[in-house]
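Following: one structure in structure tokens, then a few remarks.
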Amino acid sequence: MSKGLPKRSEDYSLWYNELVKRADLAENSAVRGCMVIKPYGFSIWEKMQAELDRMFKETGHTNAYFPLFIPKSYLSKEASHVEGFAKECAVVTHYRLKNSEDGKSVIVDPEAKLEEELIVRPTSETVIWSTYKNWIQSYRDLPLLVNQWANVVRWEMRTRLFLRTAEFLWQEGHTAHATAEEAMDETVQMMNVYAQFAEEFMALPVVKGIKTENERFAGADETYCIEAMMQDGKALQAGTSHFLGQNFAKAFDVKFATKEGGLDYVWGTSWGVSTRLMGALIMAHSDDNGLVLPPKLAPFQVVIVPIYRGDEELAMVSEKAEELMKELRGAGVSVKYDSRDTHKPGWKFAEYELKGVPVRITIGPRDLQNGTIEIARRDTLTKEQFELDSQPISTKISTLLDTIQNDIYNSALKFKEEKTTEVNSWEEFQEILESKGGFLSAHWDGTSETEEKIKELTKATIRCIPIHHREEEGECVYSGKPSSKRVLFAKSY
């Protein structure tokens, strides 16, 4: 199998697009701006989904489902919310088709116009808060901790597989609370859940922070986020958690009877991650040979490839392979045995390297005689001969998978740290941004005007105000005005 991938150093964007397609993750569909997630890619998303769903339920959340269609009037109820999404909305205006006069096609029936247009879900705050009005009457109904796994549509003009498509998959949590403090605790908790998932499962180090007013979610009082660094020096927003205050409760008149006997609006949050995480996973770890997948999210962690000539040797090798698979699966390791006779071993090696399978085991007749197998790591492309009687194969592979997971994380962490630079002048800001890229830690005067001007001149945005920033007096890198802390700038996806 010839991978023939472009090199990251020569054309990172082309490398990414080709890798997504050739590794069987996704492809463009016949519908403009939409993608088909292929089985191998969807297997990775399913693993992400399963782990996140487990983490959500451990923090007390339950799943529900809300309509795909949202009445246009709902979006009008929260002014900043509709302004934030108006340019991305797909609108349903009619409910019926009919045959054309010549009978050769179908047309929209002009008599079937909806009384009120429906918006195809760009996000669900409005339809969910209209529902919560019926669910919440008393403090006894709170907190309400609900999550939804769904698809959304945001009509993007320039798309890229996983990173930006007109339709994508995500989860969106929507919670209601009796006090501002409870809602803020929820907002921060979910940011931390996302960070834990990114670091423990995706092997992706992130910066936790708060968005500026310019970058805040439309309709929120505060937006918390996790930001990751990709190998081309651009940042990627990997998850957001929003403190909604009482904005949507007031818009949809969601009140509750308090313990003290009064009546108050509830406090809300929303939070979400999407299939954009697939893009982050690819760009953070993969190399010129293909995908590099953290073992915890790989569709299968180990592939066994037999080396043989003829049915007799295949039968002997397969017997040993079945024995190894049984032991590995008993230890919780996912394994695939590729005994296809339609492809040669070299072709298979290239395929599984391209698809990022963490560990490859090779067994041939000579290995059977010597009591050995060959073990290859995808992340380092190194191989070793392993003596089967030296220790249980399950112990060896389980330990190796943990090592690979940690090594991939540490490699990404080292890269993020190397790509984070403190800058103290406008000249230095521009030079480092162009020559090195990455996160630029710089003083900012706190004004939207300065933020917008820097974005206009350099295409760099404030990714976040880091949660763990240190108070430090200084001068804004652009305006020279006083500043009390540094923020992180970067070009981004």
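Labeling convention for the structure tokens: chains A, B, ... as they appear, residues from 1 per chain, ligands from 1 in order of appearance.
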Counting only C-alpha atoms, what is within 9 Å of Val127 (chain A), bar same-chain residues fewer than 3 positions away, as a count of residues only? 12
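Picture a line from CA of Ala235 (chain A) to CA of Lys491 (chain A); it runs 6.2 Å.
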Between CA of Lys453 (chain A) and CA of Met230 (chain A), what is the distance in Å, rounded to a tenth?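 Between these atoms lies a distance of 24.5 Å.
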Could you list, as a compact mmCIF listing (two decimals) with C-alpha atoms, in the first residue's frame, every residue within 7 Å of Ala490 (chain A), counting only C-alpha atoms and ignoring same-chain residues fewer than 4 positions away?
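The file below, around25.txt, is the result:
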# COMPACT_ATOMS: atom_id res chain seq x y z
CA LYS A 234 -2.27 27.24 15.31
CA ALA A 235 -4.61 26.97 18.29
CA GLY A 438 2.05 29.10 18.67
CA PHE A 439 0.71 30.78 21.79
CA LEU A 440 1.95 34.29 22.45
CA ALA A 460 -4.29 36.47 15.80
CA THR A 461 -7.06 36.41 18.40
CA ILE A 462 -7.08 36.20 22.17
CA ARG A 463 -7.62 32.50 22.70
Would you mind listing what lies within 12 Å of region 344-346 of chain A as a VMD selection string, with only C-alpha atoms counted and same-chain residues fewer than 6 positions away left out? chain A and resid 1 to 2 303 to 309 338 352 to 353 360 to 364
Taking the chain letters and numbering used in this document, name the residues of region 81-243 of chain A that DSSP puts in helix (DSSP H, G or I), as a ChimeraX atom specification. /A:81-88,110-112,125-135,139-141,180-200
I'd like the neighbourhood of region 163-170 of chain A as a list in words, where a residue qualifies if any of its atoms comes within 7 Å (using only C-alpha atoms), though same-chain residues fewer than 5 positions away should be ignored.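 Selected residues are Gly33, Cys34, Trp149, Ala150, Asn151, Val152, Val153, Arg154, Trp155, Glu156, Gly272, Val273, Ser274, Thr275, Arg276 and Gly279 of chain A.
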Restricting the calculation to only C-alpha atoms, which member of A:Ala26, A:Ile432, A:Met55, A:Ala86 is positioned closest to Ser43 (chain A)?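 Of A:Ala26, A:Ile432, A:Met55, A:Ala86, the one nearest Ser43 (chain A), counting only C-alpha atoms, is A:Ala26.
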For Glu27 (chain A), work out the shell of residues within 8 Å, counting only C-alpha atoms and skipping chain neighbours fewer than 4 positions away, then give it as a PyMOL selection string. chain A and resi 20-21+35-38+161
Output N, CA and C atoms for every residue in that selection, as a CSV table (one decimal), in the first residue's frame.
chain,number,residue,atom,x,y,z
A,20,VAL,N,-7.1,12.6,6.4
A,20,VAL,CA,-8.5,12.3,6.8
A,20,VAL,C,-9.1,11.3,5.8
A,21,LYS,N,-8.9,11.6,4.5
A,21,LYS,CA,-9.5,10.7,3.5
A,21,LYS,C,-8.8,9.4,3.4
A,35,MET,N,-20.3,16.3,5.5
A,35,MET,CA,-19.3,15.2,5.4
A,35,MET,C,-20.0,13.8,5.7
A,36,VAL,N,-19.4,12.8,5.2
A,36,VAL,CA,-19.7,11.4,5.5
A,36,VAL,C,-18.6,10.9,6.5
A,37,ILE,N,-19.0,10.6,7.7
A,37,ILE,CA,-18.0,10.0,8.6
A,37,ILE,C,-18.0,8.5,8.4
A,38,LYS,N,-16.8,8.0,8.0
A,38,LYS,CA,-16.7,6.6,7.6
A,38,LYS,C,-16.6,5.7,8.8
A,161,LEU,N,-13.1,19.1,6.6
A,161,LEU,CA,-13.6,17.9,7.2
A,161,LEU,C,-13.2,17.9,8.7
Measuring between only C-alpha atoms, which one of A:Ile136, A:Asn192, A:Met283, A:Asn289 shows the shortest distance to Asp264 (chain A)? A:Ile136
